[in-house]
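What's in entry02.cif: mmCIF, N, CA and C atoms
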```
data_my_file
loop_
_atom_site.label_atom_id
_atom_site.label_comp_id
_atom_site.auth_asym_id
_atom_site.auth_seq_id
_atom_site.Cartn_x
_atom_site.Cartn_y
_atom_site.Cartn_z
N ASN A 1 0.81 -1.19 0.00
CA ASN A 1 0.00 0.00 0.00
C ASN A 1 0.85 1.26 0.00
N THR A 2 1.88 1.28 -0.83
CA THR A 2 2.75 2.43 -0.93
C THR A 2 2.61 3.06 -2.31
N LEU A 3 2.41 4.36 -2.35
CA LEU A 3 2.30 5.10 -3.59
C LEU A 3 3.65 5.11 -4.30
N GLY A 4 3.64 4.85 -5.60
CA GLY A 4 4.89 4.85 -6.35
C GLY A 4 4.62 5.09 -7.82
N SER A 5 5.63 4.90 -8.64
CA SER A 5 5.47 5.09 -10.07
C SER A 5 5.91 3.82 -10.79
N LEU A 6 5.40 3.66 -12.01
CA LEU A 6 5.70 2.47 -12.80
C LEU A 6 5.84 2.89 -14.25
N ALA A 7 6.93 2.48 -14.89
CA ALA A 7 7.14 2.76 -16.31
C ALA A 7 6.89 1.48 -17.09
N VAL A 8 6.17 1.58 -18.20
CA VAL A 8 5.90 0.41 -19.03
C VAL A 8 6.49 0.56 -20.42
N SER A 9 7.13 1.69 -20.68
CA SER A 9 7.83 1.88 -21.95
C SER A 9 9.00 2.81 -21.72
N GLY A 10 9.95 2.75 -22.64
CA GLY A 10 11.12 3.61 -22.54
C GLY A 10 12.40 2.81 -22.51
N VAL A 11 13.51 3.52 -22.37
CA VAL A 11 14.84 2.91 -22.33
C VAL A 11 15.44 3.18 -20.96
N PHE A 12 15.89 2.12 -20.30
CA PHE A 12 16.41 2.23 -18.93
C PHE A 12 17.67 1.41 -18.77
N ASP A 13 18.51 1.78 -17.81
CA ASP A 13 19.69 0.99 -17.45
C ASP A 13 19.32 0.04 -16.34
N PHE A 14 19.67 -1.24 -16.52
CA PHE A 14 19.42 -2.27 -15.53
C PHE A 14 20.74 -2.87 -15.07
N PRO A 15 20.85 -3.27 -13.81
CA PRO A 15 22.07 -3.91 -13.34
C PRO A 15 22.27 -5.25 -14.03
N LYS A 16 23.53 -5.62 -14.24
CA LYS A 16 23.88 -6.92 -14.81
C LYS A 16 25.12 -7.45 -14.11
N SER A 17 25.38 -8.71 -14.28
CA SER A 17 26.57 -9.34 -13.71
C SER A 17 27.82 -8.76 -14.35
N THR A 18 28.90 -8.69 -13.59
CA THR A 18 30.19 -8.25 -14.14
C THR A 18 31.18 -9.41 -14.22
N ALA A 19 30.69 -10.63 -14.07
CA ALA A 19 31.53 -11.82 -14.15
C ALA A 19 32.00 -12.03 -15.59
N GLY A 20 33.05 -12.81 -15.75
CA GLY A 20 33.52 -13.15 -17.08
C GLY A 20 32.43 -13.86 -17.87
N GLY A 21 32.30 -13.53 -19.14
CA GLY A 21 31.28 -14.14 -19.98
C GLY A 21 29.90 -13.53 -19.83
N SER A 22 29.80 -12.36 -19.16
CA SER A 22 28.49 -11.74 -18.93
C SER A 22 28.18 -10.61 -19.92
N ALA A 23 29.01 -10.45 -20.94
CA ALA A 23 28.77 -9.40 -21.93
C ALA A 23 27.44 -9.66 -22.64
N ILE A 24 26.75 -8.58 -23.01
CA ILE A 24 25.48 -8.68 -23.71
C ILE A 24 25.57 -7.80 -24.96
N ALA A 25 25.29 -8.37 -26.12
CA ALA A 25 25.39 -7.66 -27.39
C ALA A 25 24.21 -6.70 -27.58
N ALA A 26 24.39 -5.69 -28.40
CA ALA A 26 23.30 -4.78 -28.75
C ALA A 26 22.25 -5.56 -29.53
N GLY A 27 20.99 -5.33 -29.23
CA GLY A 27 19.89 -6.01 -29.90
C GLY A 27 19.51 -7.34 -29.28
N ALA A 28 20.20 -7.74 -28.22
CA ALA A 28 19.89 -9.02 -27.56
C ALA A 28 18.62 -8.90 -26.73
N THR A 29 17.86 -9.98 -26.66
CA THR A 29 16.68 -10.03 -25.80
C THR A 29 17.16 -10.32 -24.38
N VAL A 30 16.70 -9.54 -23.42
CA VAL A 30 17.12 -9.73 -22.03
C VAL A 30 15.92 -9.95 -21.11
N TYR A 31 16.19 -10.58 -20.00
CA TYR A 31 15.18 -10.98 -19.03
C TYR A 31 15.61 -10.52 -17.64
N TRP A 32 14.64 -10.42 -16.71
CA TRP A 32 14.93 -10.02 -15.34
C TRP A 32 15.00 -11.25 -14.47
N ASN A 33 16.15 -11.44 -13.82
CA ASN A 33 16.35 -12.53 -12.88
C ASN A 33 16.04 -11.98 -11.49
N VAL A 34 14.89 -12.38 -10.94
CA VAL A 34 14.43 -11.85 -9.65
C VAL A 34 15.39 -12.22 -8.53
N ALA A 35 15.87 -13.45 -8.52
CA ALA A 35 16.75 -13.91 -7.43
C ALA A 35 18.05 -13.11 -7.39
N ALA A 36 18.65 -12.85 -8.55
CA ALA A 36 19.92 -12.13 -8.61
C ALA A 36 19.72 -10.61 -8.71
N GLN A 37 18.47 -10.18 -9.00
CA GLN A 37 18.17 -8.75 -9.19
C GLN A 37 19.04 -8.16 -10.29
N GLN A 38 19.14 -8.91 -11.43
CA GLN A 38 19.97 -8.50 -12.55
C GLN A 38 19.32 -8.86 -13.87
N ALA A 39 19.68 -8.13 -14.92
CA ALA A 39 19.28 -8.48 -16.28
C ALA A 39 20.17 -9.61 -16.77
N THR A 40 19.59 -10.50 -17.57
CA THR A 40 20.30 -11.66 -18.09
C THR A 40 19.75 -12.03 -19.46
N THR A 41 20.50 -12.80 -20.23
CA THR A 41 20.01 -13.29 -21.51
C THR A 41 19.36 -14.66 -21.37
N THR A 42 19.32 -15.19 -20.16
CA THR A 42 18.71 -16.50 -19.89
C THR A 42 17.21 -16.35 -19.70
N SER A 43 16.42 -17.00 -20.56
CA SER A 43 14.97 -16.86 -20.49
C SER A 43 14.33 -17.78 -19.45
N ALA A 44 14.91 -18.94 -19.22
CA ALA A 44 14.31 -19.95 -18.33
C ALA A 44 14.13 -19.40 -16.91
N GLY A 45 12.87 -19.32 -16.47
CA GLY A 45 12.57 -18.89 -15.11
C GLY A 45 12.63 -17.39 -14.89
N ASN A 46 12.85 -16.61 -15.96
CA ASN A 46 12.98 -15.16 -15.83
C ASN A 46 11.91 -14.44 -16.64
N LYS A 47 11.67 -13.18 -16.32
CA LYS A 47 10.64 -12.37 -16.97
C LYS A 47 11.25 -11.50 -18.07
N LEU A 48 10.57 -11.40 -19.21
CA LEU A 48 11.05 -10.60 -20.33
C LEU A 48 11.13 -9.12 -19.94
N LEU A 49 12.28 -8.50 -20.24
CA LEU A 49 12.45 -7.06 -20.07
C LEU A 49 12.30 -6.35 -21.41
N GLY A 50 13.08 -6.77 -22.39
CA GLY A 50 13.07 -6.13 -23.70
C GLY A 50 14.34 -6.45 -24.45
N LYS A 51 14.77 -5.50 -25.30
CA LYS A 51 15.98 -5.67 -26.10
C LYS A 51 16.98 -4.59 -25.76
N THR A 52 18.26 -4.96 -25.81
CA THR A 52 19.30 -4.00 -25.51
C THR A 52 19.45 -2.99 -26.64
N THR A 53 19.76 -1.76 -26.29
CA THR A 53 19.97 -0.71 -27.29
C THR A 53 21.45 -0.37 -27.42
N LYS A 54 22.25 -0.96 -26.55
CA LYS A 54 23.69 -0.69 -26.54
C LYS A 54 24.38 -1.93 -25.98
N ALA A 55 25.50 -2.32 -26.56
CA ALA A 55 26.24 -3.47 -26.05
C ALA A 55 26.80 -3.18 -24.66
N ALA A 56 26.91 -4.22 -23.83
CA ALA A 56 27.49 -4.10 -22.49
C ALA A 56 28.60 -5.13 -22.36
N ALA A 57 29.79 -4.67 -22.01
CA ALA A 57 30.95 -5.55 -21.83
C ALA A 57 30.86 -6.29 -20.50
N ASP A 58 31.71 -7.31 -20.33
CA ASP A 58 31.74 -8.06 -19.08
C ASP A 58 31.86 -7.14 -17.87
N ALA A 59 32.72 -6.13 -17.95
CA ALA A 59 32.99 -5.25 -16.80
C ALA A 59 31.91 -4.21 -16.55
N ASP A 60 30.99 -4.03 -17.49
CA ASP A 60 29.91 -3.04 -17.30
C ASP A 60 28.92 -3.54 -16.25
N ALA A 61 28.58 -2.67 -15.33
CA ALA A 61 27.65 -3.04 -14.25
C ALA A 61 26.19 -2.88 -14.65
N THR A 62 25.94 -2.20 -15.80
CA THR A 62 24.57 -2.01 -16.26
C THR A 62 24.47 -2.31 -17.76
N VAL A 63 23.22 -2.55 -18.18
CA VAL A 63 22.93 -2.74 -19.59
C VAL A 63 21.71 -1.88 -19.93
N ARG A 64 21.73 -1.22 -21.08
CA ARG A 64 20.63 -0.32 -21.50
C ARG A 64 19.60 -1.12 -22.28
N VAL A 65 18.33 -1.07 -21.82
CA VAL A 65 17.27 -1.91 -22.39
C VAL A 65 16.04 -1.07 -22.75
N ARG A 66 15.49 -1.34 -23.94
CA ARG A 66 14.18 -0.76 -24.32
C ARG A 66 13.13 -1.77 -23.88
N LEU A 67 12.25 -1.34 -22.98
CA LEU A 67 11.24 -2.24 -22.43
C LEU A 67 10.28 -2.75 -23.50
N SER A 68 9.86 -4.01 -23.35
CA SER A 68 8.87 -4.64 -24.22
C SER A 68 7.68 -5.03 -23.38
N GLN A 69 6.52 -5.05 -24.02
CA GLN A 69 5.31 -5.50 -23.31
C GLN A 69 4.85 -6.81 -23.87
#
```

Structure re-expressed in structure tokens:
Amino acid sequence: NTLGSLAVSGVFDFPKSTAGGSAIAAGATVYWNVAAQQATTTSAGNKLLGKTTKAAADADATVRVRLSQ
């Protein structure tokens, strides 16, 4: 019962893993991993976020995503 805001469209930065092999290419479909609180390219058990608008390297802590409905 807390007042807040919700965006359903737009481009936003989401946290991602910085481990080796965690790079995400531009145009990739990404999902939200609730347990890790991070964006991922793994669809199994995760919720669709959208597509990346900019590539993210392994060391990048965020990835830029255009939300999909």

Residue list (strand (DSSP E or B), DSSP) for chain A, as a PDB file with N, CA and C atoms, keeping the file's coordinate frame:
```pdb
ATOM      1  N   VAL A  11      13.510   3.520 -22.370  1.00  0.00           N
ATOM      2  CA  VAL A  11      14.840   2.910 -22.330  1.00  0.00           C
ATOM      3  C   VAL A  11      15.440   3.180 -20.960  1.00  0.00           C
ATOM      4  N   PHE A  12      15.890   2.120 -20.300  1.00  0.00           N
ATOM      5  CA  PHE A  12      16.410   2.230 -18.930  1.00  0.00           C
ATOM      6  C   PHE A  12      17.670   1.410 -18.770  1.00  0.00           C
ATOM      7  N   ASP A  13      18.510   1.780 -17.810  1.00  0.00           N
ATOM      8  CA  ASP A  13      19.690   0.990 -17.450  1.00  0.00           C
ATOM      9  C   ASP A  13      19.320   0.040 -16.340  1.00  0.00           C
ATOM     10  N   PHE A  14      19.670  -1.240 -16.520  1.00  0.00           N
ATOM     11  CA  PHE A  14      19.420  -2.270 -15.530  1.00  0.00           C
ATOM     12  C   PHE A  14      20.740  -2.870 -15.070  1.00  0.00           C
ATOM     13  N   PRO A  15      20.850  -3.270 -13.810  1.00  0.00           N
ATOM     14  CA  PRO A  15      22.070  -3.910 -13.340  1.00  0.00           C
ATOM     15  C   PRO A  15      22.270  -5.250 -14.030  1.00  0.00           C
ATOM     16  N   LYS A  16      23.530  -5.620 -14.240  1.00  0.00           N
ATOM     17  CA  LYS A  16      23.880  -6.920 -14.810  1.00  0.00           C
ATOM     18  C   LYS A  16      25.120  -7.450 -14.110  1.00  0.00           C
ATOM     19  N   ILE A  24      26.750  -8.580 -23.010  1.00  0.00           N
ATOM     20  CA  ILE A  24      25.480  -8.680 -23.710  1.00  0.00           C
ATOM     21  C   ILE A  24      25.570  -7.800 -24.960  1.00  0.00           C
ATOM     22  N   THR A  29      17.860  -9.980 -26.660  1.00  0.00           N
ATOM     23  CA  THR A  29      16.680 -10.030 -25.800  1.00  0.00           C
ATOM     24  C   THR A  29      17.160 -10.320 -24.380  1.00  0.00           C
ATOM     25  N   VAL A  30      16.700  -9.540 -23.420  1.00  0.00           N
ATOM     26  CA  VAL A  30      17.120  -9.730 -22.030  1.00  0.00           C
ATOM     27  C   VAL A  30      15.920  -9.950 -21.110  1.00  0.00           C
ATOM     28  N   TYR A  31      16.190 -10.580 -20.000  1.00  0.00           N
ATOM     29  CA  TYR A  31      15.180 -10.980 -19.030  1.00  0.00           C
ATOM     30  C   TYR A  31      15.610 -10.520 -17.640  1.00  0.00           C
ATOM     31  N   TRP A  32      14.640 -10.420 -16.710  1.00  0.00           N
ATOM     32  CA  TRP A  32      14.930 -10.020 -15.340  1.00  0.00           C
ATOM     33  C   TRP A  32      15.000 -11.250 -14.470  1.00  0.00           C
ATOM     34  N   ASN A  33      16.150 -11.440 -13.820  1.00  0.00           N
ATOM     35  CA  ASN A  33      16.350 -12.530 -12.880  1.00  0.00           C
ATOM     36  C   ASN A  33      16.040 -11.980 -11.490  1.00  0.00           C
ATOM     37  N   GLN A  38      19.140  -8.910 -11.430  1.00  0.00           N
ATOM     38  CA  GLN A  38      19.970  -8.500 -12.550  1.00  0.00           C
ATOM     39  C   GLN A  38      19.320  -8.860 -13.870  1.00  0.00           C
ATOM     40  N   ALA A  39      19.680  -8.130 -14.920  1.00  0.00           N
ATOM     41  CA  ALA A  39      19.280  -8.480 -16.280  1.00  0.00           C
ATOM     42  C   ALA A  39      20.170  -9.610 -16.770  1.00  0.00           C
ATOM     43  N   THR A  40      19.590 -10.500 -17.570  1.00  0.00           N
ATOM     44  CA  THR A  40      20.300 -11.660 -18.090  1.00  0.00           C
ATOM     45  C   THR A  40      19.750 -12.030 -19.460  1.00  0.00           C
ATOM     46  N   LYS A  47      11.670 -13.180 -16.320  1.00  0.00           N
ATOM     47  CA  LYS A  47      10.640 -12.370 -16.970  1.00  0.00           C
ATOM     48  C   LYS A  47      11.250 -11.500 -18.070  1.00  0.00           C
ATOM     49  N   LEU A  48      10.570 -11.400 -19.210  1.00  0.00           N
ATOM     50  CA  LEU A  48      11.050 -10.600 -20.330  1.00  0.00           C
ATOM     51  C   LEU A  48      11.130  -9.120 -19.940  1.00  0.00           C
ATOM     52  N   LEU A  49      12.280  -8.500 -20.240  1.00  0.00           N
ATOM     53  CA  LEU A  49      12.450  -7.060 -20.070  1.00  0.00           C
ATOM     54  C   LEU A  49      12.300  -6.350 -21.410  1.00  0.00           C
ATOM     55  N   GLY A  50      13.080  -6.770 -22.390  1.00  0.00           N
ATOM     56  CA  GLY A  50      13.070  -6.130 -23.700  1.00  0.00           C
ATOM     57  C   GLY A  50      14.340  -6.450 -24.450  1.00  0.00           C
ATOM     58  N   LYS A  51      14.770  -5.500 -25.300  1.00  0.00           N
ATOM     59  CA  LYS A  51      15.980  -5.670 -26.100  1.00  0.00           C
ATOM     60  C   LYS A  51      16.980  -4.590 -25.760  1.00  0.00           C
ATOM     61  N   THR A  52      18.260  -4.960 -25.810  1.00  0.00           N
ATOM     62  CA  THR A  52      19.300  -4.000 -25.510  1.00  0.00           C
ATOM     63  C   THR A  52      19.450  -2.990 -26.640  1.00  0.00           C
ATOM     64  N   ALA A  56      26.910  -4.220 -23.830  1.00  0.00           N
ATOM     65  CA  ALA A  56      27.490  -4.100 -22.490  1.00  0.00           C
ATOM     66  C   ALA A  56      28.600  -5.130 -22.360  1.00  0.00           C
ATOM     67  N   THR A  62      25.940  -2.200 -15.800  1.00  0.00           N
ATOM     68  CA  THR A  62      24.570  -2.010 -16.260  1.00  0.00           C
ATOM     69  C   THR A  62      24.470  -2.310 -17.760  1.00  0.00           C
ATOM     70  N   VAL A  63      23.220  -2.550 -18.180  1.00  0.00           N
ATOM     71  CA  VAL A  63      22.930  -2.740 -19.590  1.00  0.00           C
ATOM     72  C   VAL A  63      21.710  -1.880 -19.930  1.00  0.00           C
ATOM     73  N   ARG A  64      21.730  -1.220 -21.080  1.00  0.00           N
ATOM     74  CA  ARG A  64      20.630  -0.320 -21.500  1.00  0.00           C
ATOM     75  C   ARG A  64      19.600  -1.120 -22.280  1.00  0.00           C
ATOM     76  N   VAL A  65      18.330  -1.070 -21.820  1.00  0.00           N
ATOM     77  CA  VAL A  65      17.270  -1.910 -22.390  1.00  0.00           C
ATOM     78  C   VAL A  65      16.040  -1.070 -22.750  1.00  0.00           C
ATOM     79  N   ARG A  66      15.490  -1.340 -23.940  1.00  0.00           N
ATOM     80  CA  ARG A  66      14.180  -0.760 -24.320  1.00  0.00           C
ATOM     81  C   ARG A  66      13.130  -1.770 -23.880  1.00  0.00           C
ATOM     82  N   LEU A  67      12.250  -1.340 -22.980  1.00  0.00           N
ATOM     83  CA  LEU A  67      11.240  -2.240 -22.430  1.00  0.00           C
ATOM     84  C   LEU A  67      10.280  -2.750 -23.500  1.00  0.00           C
TER      85      LEU A  67
END
```

note - CA of Ser68 in chain A and CA of Val11 in chain A are separated by 9.8 Å

Residue members of the PyMOL selection byres ((chain A and resi 39) around 8) in the file shown, as a count of residues only: 18

Explicit residue set for the PyMOL selection byres (((chain A and resi 29 and name CA) around 6) and name CA), as a CSV table (one decimal) with N, CA and C atoms, in the frame of the given file:
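That gives us result-v7.csv:
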```csv
chain,number,residue,atom,x,y,z
A,28,ALA,N,20.2,-7.7,-28.2
A,28,ALA,CA,19.9,-9.0,-27.6
A,28,ALA,C,18.6,-8.9,-26.7
A,30,VAL,N,16.7,-9.5,-23.4
A,30,VAL,CA,17.1,-9.7,-22.0
A,30,VAL,C,15.9,-10.0,-21.1
A,50,GLY,N,13.1,-6.8,-22.4
A,50,GLY,CA,13.1,-6.1,-23.7
A,50,GLY,C,14.3,-6.4,-24.4
A,51,LYS,N,14.8,-5.5,-25.3
A,51,LYS,CA,16.0,-5.7,-26.1
A,51,LYS,C,17.0,-4.6,-25.8
```

Skip Asp58 in chain A itself and residues of its chain fewer than 2 positions away, then list as a ChimeraX atom specification all residues within 5 Å of it, counting only N, CA and C atoms. /A:18,22-23,56,60

Atom-to-atom span, atom C of Arg66 in chain A and CA of Ile24 in chain A, Å: 14.2 Å

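Distances here use all atoms listed in the file; by that measure, the residue among A:Ala35, A:Leu67, A:Val8, A:Ala57 closest to Gly21 in chain A is A:Ala57.
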
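Of note, atom N of Phe12 in chain A and CA of Ala44 in chain A are spaced 22.2 Å apart.
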
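Take the candidates A:Ala7, A:Leu48, A:Ala55, A:Ala61 and check each one against Ala25 in chain A using only N, CA and C atoms; the shortest distance goes to A:Ala55.
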
Ranking A:Ala19, A:Gly27, A:Gly10, A:Ser43 by minimum distance to Val65 in chain A and counting all atoms listed in the file, which one comes first? A:Gly10

With all atoms of range 46-59 of chain A from the file as input, state the centre and edge lengths in Å to one decimal of the axis-aligned box that has 6 Å extra on each side, as JSON.
```
{"center_x": 21.8, "center_y": -8.5, "center_z": -21.6, "size_x": 34.4, "size_y": 28.2, "size_z": 23.6}
```

Please extract range 32-61 of chain A and write it out with N, CA, C and O atoms, as a CSV table (one decimal), in the first residue's frame.
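Dumped to decode.csv:
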```csv
chain,number,residue,atom,x,y,z
A,32,TRP,N,14.6,-10.4,-16.7
A,32,TRP,CA,14.9,-10.0,-15.3
A,32,TRP,C,15.0,-11.2,-14.5
A,32,TRP,O,14.1,-12.0,-14.4
A,33,ASN,N,16.2,-11.4,-13.8
A,33,ASN,CA,16.4,-12.5,-12.9
A,33,ASN,C,16.0,-12.0,-11.5
A,33,ASN,O,16.8,-11.2,-10.9
A,34,VAL,N,14.9,-12.4,-10.9
A,34,VAL,CA,14.4,-11.8,-9.6
A,34,VAL,C,15.4,-12.2,-8.5
A,34,VAL,O,15.7,-11.4,-7.7
A,35,ALA,N,15.9,-13.5,-8.5
A,35,ALA,CA,16.8,-13.9,-7.4
A,35,ALA,C,18.1,-13.1,-7.4
A,35,ALA,O,18.5,-12.7,-6.3
A,36,ALA,N,18.6,-12.9,-8.5
A,36,ALA,CA,19.9,-12.1,-8.6
A,36,ALA,C,19.7,-10.6,-8.7
A,36,ALA,O,20.7,-9.9,-8.6
A,37,GLN,N,18.5,-10.2,-9.0
A,37,GLN,CA,18.2,-8.8,-9.2
A,37,GLN,C,19.0,-8.2,-10.3
A,37,GLN,O,19.6,-7.1,-10.1
A,38,GLN,N,19.1,-8.9,-11.4
A,38,GLN,CA,20.0,-8.5,-12.5
A,38,GLN,C,19.3,-8.9,-13.9
A,38,GLN,O,18.5,-9.8,-14.0
A,39,ALA,N,19.7,-8.1,-14.9
A,39,ALA,CA,19.3,-8.5,-16.3
A,39,ALA,C,20.2,-9.6,-16.8
A,39,ALA,O,21.3,-9.7,-16.4
A,40,THR,N,19.6,-10.5,-17.6
A,40,THR,CA,20.3,-11.7,-18.1
A,40,THR,C,19.8,-12.0,-19.5
A,40,THR,O,18.6,-11.6,-19.8
A,41,THR,N,20.5,-12.8,-20.2
A,41,THR,CA,20.0,-13.3,-21.5
A,41,THR,C,19.4,-14.7,-21.4
A,41,THR,O,18.9,-15.2,-22.3
A,42,THR,N,19.3,-15.2,-20.2
A,42,THR,CA,18.7,-16.5,-19.9
A,42,THR,C,17.2,-16.3,-19.7
A,42,THR,O,16.8,-15.7,-18.8
A,43,SER,N,16.4,-17.0,-20.6
A,43,SER,CA,15.0,-16.9,-20.5
A,43,SER,C,14.3,-17.8,-19.4
A,43,SER,O,13.3,-17.4,-18.8
A,44,ALA,N,14.9,-18.9,-19.2
A,44,ALA,CA,14.3,-19.9,-18.3
A,44,ALA,C,14.1,-19.4,-16.9
A,44,ALA,O,15.1,-19.0,-16.3
A,45,GLY,N,12.9,-19.3,-16.5
A,45,GLY,CA,12.6,-18.9,-15.1
A,45,GLY,C,12.6,-17.4,-14.9
A,45,GLY,O,12.5,-16.9,-13.8
A,46,ASN,N,12.9,-16.6,-16.0
A,46,ASN,CA,13.0,-15.2,-15.8
A,46,ASN,C,11.9,-14.4,-16.6
A,46,ASN,O,11.3,-15.0,-17.5
A,47,LYS,N,11.7,-13.2,-16.3
A,47,LYS,CA,10.6,-12.4,-17.0
A,47,LYS,C,11.3,-11.5,-18.1
A,47,LYS,O,12.3,-10.9,-17.9
A,48,LEU,N,10.6,-11.4,-19.2
A,48,LEU,CA,11.0,-10.6,-20.3
A,48,LEU,C,11.1,-9.1,-19.9
A,48,LEU,O,10.2,-8.6,-19.4
A,49,LEU,N,12.3,-8.5,-20.2
A,49,LEU,CA,12.5,-7.1,-20.1
A,49,LEU,C,12.3,-6.4,-21.4
A,49,LEU,O,11.5,-5.4,-21.5
A,50,GLY,N,13.1,-6.8,-22.4
A,50,GLY,CA,13.1,-6.1,-23.7
A,50,GLY,C,14.3,-6.4,-24.5
A,50,GLY,O,14.9,-7.5,-24.3
A,51,LYS,N,14.8,-5.5,-25.3
A,51,LYS,CA,16.0,-5.7,-26.1
A,51,LYS,C,17.0,-4.6,-25.8
A,51,LYS,O,16.6,-3.4,-25.5
A,52,THR,N,18.3,-5.0,-25.8
A,52,THR,CA,19.3,-4.0,-25.5
A,52,THR,C,19.4,-3.0,-26.6
A,52,THR,O,19.3,-3.3,-27.8
A,53,THR,N,19.8,-1.8,-26.3
A,53,THR,CA,20.0,-0.7,-27.3
A,53,THR,C,21.4,-0.4,-27.4
A,53,THR,O,21.8,0.4,-28.3
A,54,LYS,N,22.3,-1.0,-26.6
A,54,LYS,CA,23.7,-0.7,-26.5
A,54,LYS,C,24.4,-1.9,-26.0
A,54,LYS,O,23.9,-2.5,-25.0
A,55,ALA,N,25.5,-2.3,-26.6
A,55,ALA,CA,26.2,-3.5,-26.0
A,55,ALA,C,26.8,-3.2,-24.7
A,55,ALA,O,27.1,-2.0,-24.3
A,56,ALA,N,26.9,-4.2,-23.8
A,56,ALA,CA,27.5,-4.1,-22.5
A,56,ALA,C,28.6,-5.1,-22.4
A,56,ALA,O,28.4,-6.3,-22.6
A,57,ALA,N,29.8,-4.7,-22.0
A,57,ALA,CA,31.0,-5.5,-21.8
A,57,ALA,C,30.9,-6.3,-20.5
A,57,ALA,O,30.1,-5.9,-19.6
A,58,ASP,N,31.7,-7.3,-20.3
A,58,ASP,CA,31.7,-8.1,-19.1
A,58,ASP,C,31.9,-7.1,-17.9
A,58,ASP,O,31.2,-7.3,-16.9
A,59,ALA,N,32.7,-6.1,-17.9
A,59,ALA,CA,33.0,-5.3,-16.8
A,59,ALA,C,31.9,-4.2,-16.5
A,59,ALA,O,31.9,-3.6,-15.5
A,60,ASP,N,31.0,-4.0,-17.5
A,60,ASP,CA,29.9,-3.0,-17.3
A,60,ASP,C,28.9,-3.5,-16.3
A,60,ASP,O,28.5,-4.7,-16.3
A,61,ALA,N,28.6,-2.7,-15.3
A,61,ALA,CA,27.6,-3.0,-14.2
A,61,ALA,C,26.2,-2.9,-14.7
A,61,ALA,O,25.3,-3.4,-14.0
```
